[in-house]
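Novice: Input protein.pdb, format and content: PDB, C-alpha atoms.
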ATOM      1  CA  MET A   1     -25.230-130.736  78.618
ATOM      2  CA  PRO A   2     -23.653-128.875  75.699
ATOM      3  CA  THR A   3     -24.323-130.514  72.349
ATOM      4  CA  SER A   4     -23.116-129.633  68.881
ATOM      5  CA  VAL A   5     -25.434-130.142  65.908
ATOM      6  CA  ARG A   6     -24.616-129.537  62.248
ATOM      7  CA  LEU A   7     -27.538-128.074  60.315
ATOM      8  CA  ASP A   8     -27.954-127.676  56.581
ATOM      9  CA  ASP A   9     -28.869-124.210  55.285
ATOM     10  CA  ARG A  10     -32.585-124.936  55.025
ATOM     11  CA  THR A  11     -32.810-126.258  58.584
ATOM     12  CA  ARG A  12     -30.758-123.352  59.914
ATOM     13  CA  ARG A  13     -33.160-120.883  58.231
ATOM     14  CA  LEU A  14     -36.155-122.716  59.682
ATOM     15  CA  LEU A  15     -34.588-122.640  63.137
ATOM     16  CA  ARG A  16     -33.928-118.892  62.918
ATOM     17  CA  LYS A  17     -37.480-118.271  61.735
ATOM     18  CA  LEU A  18     -38.858-120.245  64.689
ATOM     19  CA  MET A  19     -36.575-118.388  67.099
ATOM     20  CA  ARG A  20     -37.865-115.027  65.866
ATOM     21  CA  SER A  21     -41.553-115.954  65.680
ATOM     22  CA  ARG A  22     -41.634-117.642  69.088
ATOM     23  CA  LYS A  23     -39.108-115.341  70.754
ATOM     24  CA  LYS A  24     -37.158-118.295  72.089
ATOM     25  CA  THR A  25     -33.532-119.310  72.096
ATOM     26  CA  GLN A  26     -32.055-121.885  69.758
ATOM     27  CA  SER A  27     -31.738-124.324  72.643
ATOM     28  CA  GLU A  28     -35.391-123.878  73.644
ATOM     29  CA  ILE A  29     -36.591-124.527  70.089
ATOM     30  CA  ILE A  30     -34.434-127.648  69.764
ATOM     31  CA  ARG A  31     -35.541-128.970  73.177
ATOM     32  CA  GLU A  32     -39.206-128.409  72.272
ATOM     33  CA  ALA A  33     -38.727-130.142  68.913
ATOM     34  CA  ILE A  34     -37.138-133.187  70.551
ATOM     35  CA  ASP A  35     -39.915-133.304  73.161
ATOM     36  CA  ALA A  36     -42.612-133.090  70.454
ATOM     37  CA  LEU A  37     -40.951-135.873  68.454
ATOM     38  CA  ALA A  38     -40.720-138.097  71.534
ATOM     39  CA  ARG A  39     -44.404-137.509  72.379
ATOM     40  CA  SER A  40     -45.359-138.282  68.773
ATOM     41  CA  ASP A  41     -43.475-141.590  68.903
ATOM     42  CA  GLN A  42     -45.120-142.452  72.210
ATOM     43  CA  ARG A  43     -48.589-141.778  70.766
ATOM     44  CA  ALA A  44     -47.753-143.951  67.751
ATOM     45  CA  GLU A  45     -46.885-146.815  70.101
ATOM     46  CA  GLU A  46     -50.209-146.397  71.898
ATOM     47  CA  VAL A  47     -52.297-146.952  68.761
ATOM     48  CA  SER A  48     -54.932-149.621  69.299
ATOM     49  CA  SER A  49     -54.795-152.988  67.607
ATOM     50  CA  TYR A  50     -57.974-152.077  65.727
ATOM     51  CA  ALA A  51     -56.431-148.878  64.355
ATOM     52  CA  ARG A  52     -53.410-150.822  63.116
ATOM     53  CA  VAL A  53     -55.534-153.100  60.918
ATOM     54  CA  GLU A  54     -58.537-150.862  60.314
ATOM     55  CA  ASP A  55     -57.697-150.406  56.633
ATOM     56  CA  LEU A  56     -57.594-154.197  56.154
ATOM     57  CA  ILE A  57     -61.031-154.927  57.592
ATOM     58  CA  GLY A  58     -63.412-155.941  54.843
ATOM     59  CA  CYS A  59     -60.760-155.994  52.124
ATOM     60  CA  ALA A  60     -60.865-159.780  51.578
ATOM     61  CA  SER A  61     -63.470-161.456  49.439
ATOM     62  CA  GLY A  62     -64.267-164.897  48.177
ATOM     63  CA  GLY A  63     -65.118-166.688  51.409
ATOM     64  CA  PRO A  64     -68.510-168.144  52.265
ATOM     65  CA  ASP A  65     -71.219-165.651  53.258
ATOM     66  CA  ASP A  66     -71.821-167.407  56.576
ATOM     67  CA  LEU A  67     -68.167-167.642  57.616
ATOM     68  CA  SER A  68     -68.721-166.327  61.139
ATOM     69  CA  GLU A  69     -71.937-168.268  61.766
ATOM     70  CA  GLY A  70     -71.671-171.364  63.891
ATOM     71  CA  THR A  71     -67.931-171.022  64.491
ATOM     72  CA  GLY A  72     -68.178-172.655  67.907
ATOM     73  CA  ARG A  73     -69.980-175.666  66.476
ATOM     74  CA  LYS A  74     -67.540-175.907  63.550
ATOM     75  CA  PHE A  75     -64.585-175.722  65.937
ATOM     76  CA  VAL A  76     -65.965-178.544  68.084
ATOM     77  CA  GLU A  77     -66.492-180.645  64.947
ATOM     78  CA  LEU A  78     -62.921-179.951  63.832
ATOM     79  CA  LEU A  79     -61.518-180.988  67.209
ATOM     80  CA  ALA A  80     -63.646-184.129  67.211
ATOM     81  CA  ALA A  81     -62.412-185.048  63.725
ATOM     82  CA  ARG A  82     -58.792-184.545  64.795
ATOM     83  CA  GLN A  83     -59.365-186.610  67.914
ATOM     84  CA  GLN A  84     -60.905-189.368  65.820
ATOM     85  CA  LYS A  85     -57.861-189.369  63.456
ATOM     86  CA  THR A  86     -55.417-189.673  66.331
ATOM     87  CA  SER A  87     -57.471-192.472  67.932
ATOM     88  CA  THR A  88     -57.375-194.670  64.845
TER      89      THR A  88
END
Would you put the structure from the file into structure tokens?
Specialist:
Amino acid sequence: MPTSVRLDDRTRRLLRKLMRSRKKTQSEIIREAIDALARSDQRAEEVSSYARVEDLIGCASGGPDDLSEGTGRKFVELLAARQQKTST
């Protein structure tokens, strides 16, 4: 499908340089660039949940030292307290 693209001078120079160094046509370079950009976006979407928040882990302070200890027991106590409030 024929497509027309307007390039600024800098981009046009970069395109010509790539054409010469890779010995490829303008169309081939543009197709490869679009393919690389699409693959890059796809990889960005596949980033794990951990990687998305990795920089935030350990950045909070001020909570109790034993925050993660006994969470199951604390949760049961919380539910029991809520149940008791709704019963009265």
Novice: For the structure provided, state which residues fall under the PyMOL selection byres ((chain A and resi 30) around 12), and present them as a VMD selection string.
Specialist: chain A and resid 3 to 5 7 11 to 12 14 to 16 18 to 19 24 to 29 31 to 37
Novice: Could the residues in this selection be written to a file with C-alpha atoms, as an mmCIF file, keeping the file's coordinate frame?
Specialist:
data_model
loop_
_atom_site.group_PDB
_atom_site.id
_atom_site.type_symbol
_atom_site.label_atom_id
_atom_site.label_comp_id
_atom_site.auth_asym_id
_atom_site.auth_seq_id
_atom_site.Cartn_x
_atom_site.Cartn_y
_atom_site.Cartn_z
ATOM 1 C CA THR A 3 -24.323 -130.514 72.349
ATOM 2 C CA SER A 4 -23.116 -129.633 68.881
ATOM 3 C CA VAL A 5 -25.434 -130.142 65.908
ATOM 4 C CA LEU A 7 -27.538 -128.074 60.315
ATOM 5 C CA THR A 11 -32.810 -126.258 58.584
ATOM 6 C CA ARG A 12 -30.758 -123.352 59.914
ATOM 7 C CA LEU A 14 -36.155 -122.716 59.682
ATOM 8 C CA LEU A 15 -34.588 -122.640 63.137
ATOM 9 C CA ARG A 16 -33.928 -118.892 62.918
ATOM 10 C CA LEU A 18 -38.858 -120.245 64.689
ATOM 11 C CA MET A 19 -36.575 -118.388 67.099
ATOM 12 C CA LYS A 24 -37.158 -118.295 72.089
ATOM 13 C CA THR A 25 -33.532 -119.310 72.096
ATOM 14 C CA GLN A 26 -32.055 -121.885 69.758
ATOM 15 C CA SER A 27 -31.738 -124.324 72.643
ATOM 16 C CA GLU A 28 -35.391 -123.878 73.644
ATOM 17 C CA ILE A 29 -36.591 -124.527 70.089
ATOM 18 C CA ARG A 31 -35.541 -128.970 73.177
ATOM 19 C CA GLU A 32 -39.206 -128.409 72.272
ATOM 20 C CA ALA A 33 -38.727 -130.142 68.913
ATOM 21 C CA ILE A 34 -37.138 -133.187 70.551
ATOM 22 C CA ASP A 35 -39.915 -133.304 73.161
ATOM 23 C CA ALA A 36 -42.612 -133.090 70.454
ATOM 24 C CA LEU A 37 -40.951 -135.873 68.454
#
Novice: Would you work out the distance separating atom CA of A:Leu56 from atom CA of A:Ser68, expressed in Å to one decimal?
Specialist: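 One can read the atom CA of A:Leu56 to atom CA of A:Ser68 distance as 17.2 Å.
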Novice: So how far away is atom CA of A:Tyr50 from atom CA of A:Leu67, in Å?
Specialist: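 The value is 20.3 Å.
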Novice: What does the structure give for the distance between atom CA of A:Ala60 and atom CA of A:Val47, in Å to one decimal?
Specialist: 23.1 Å
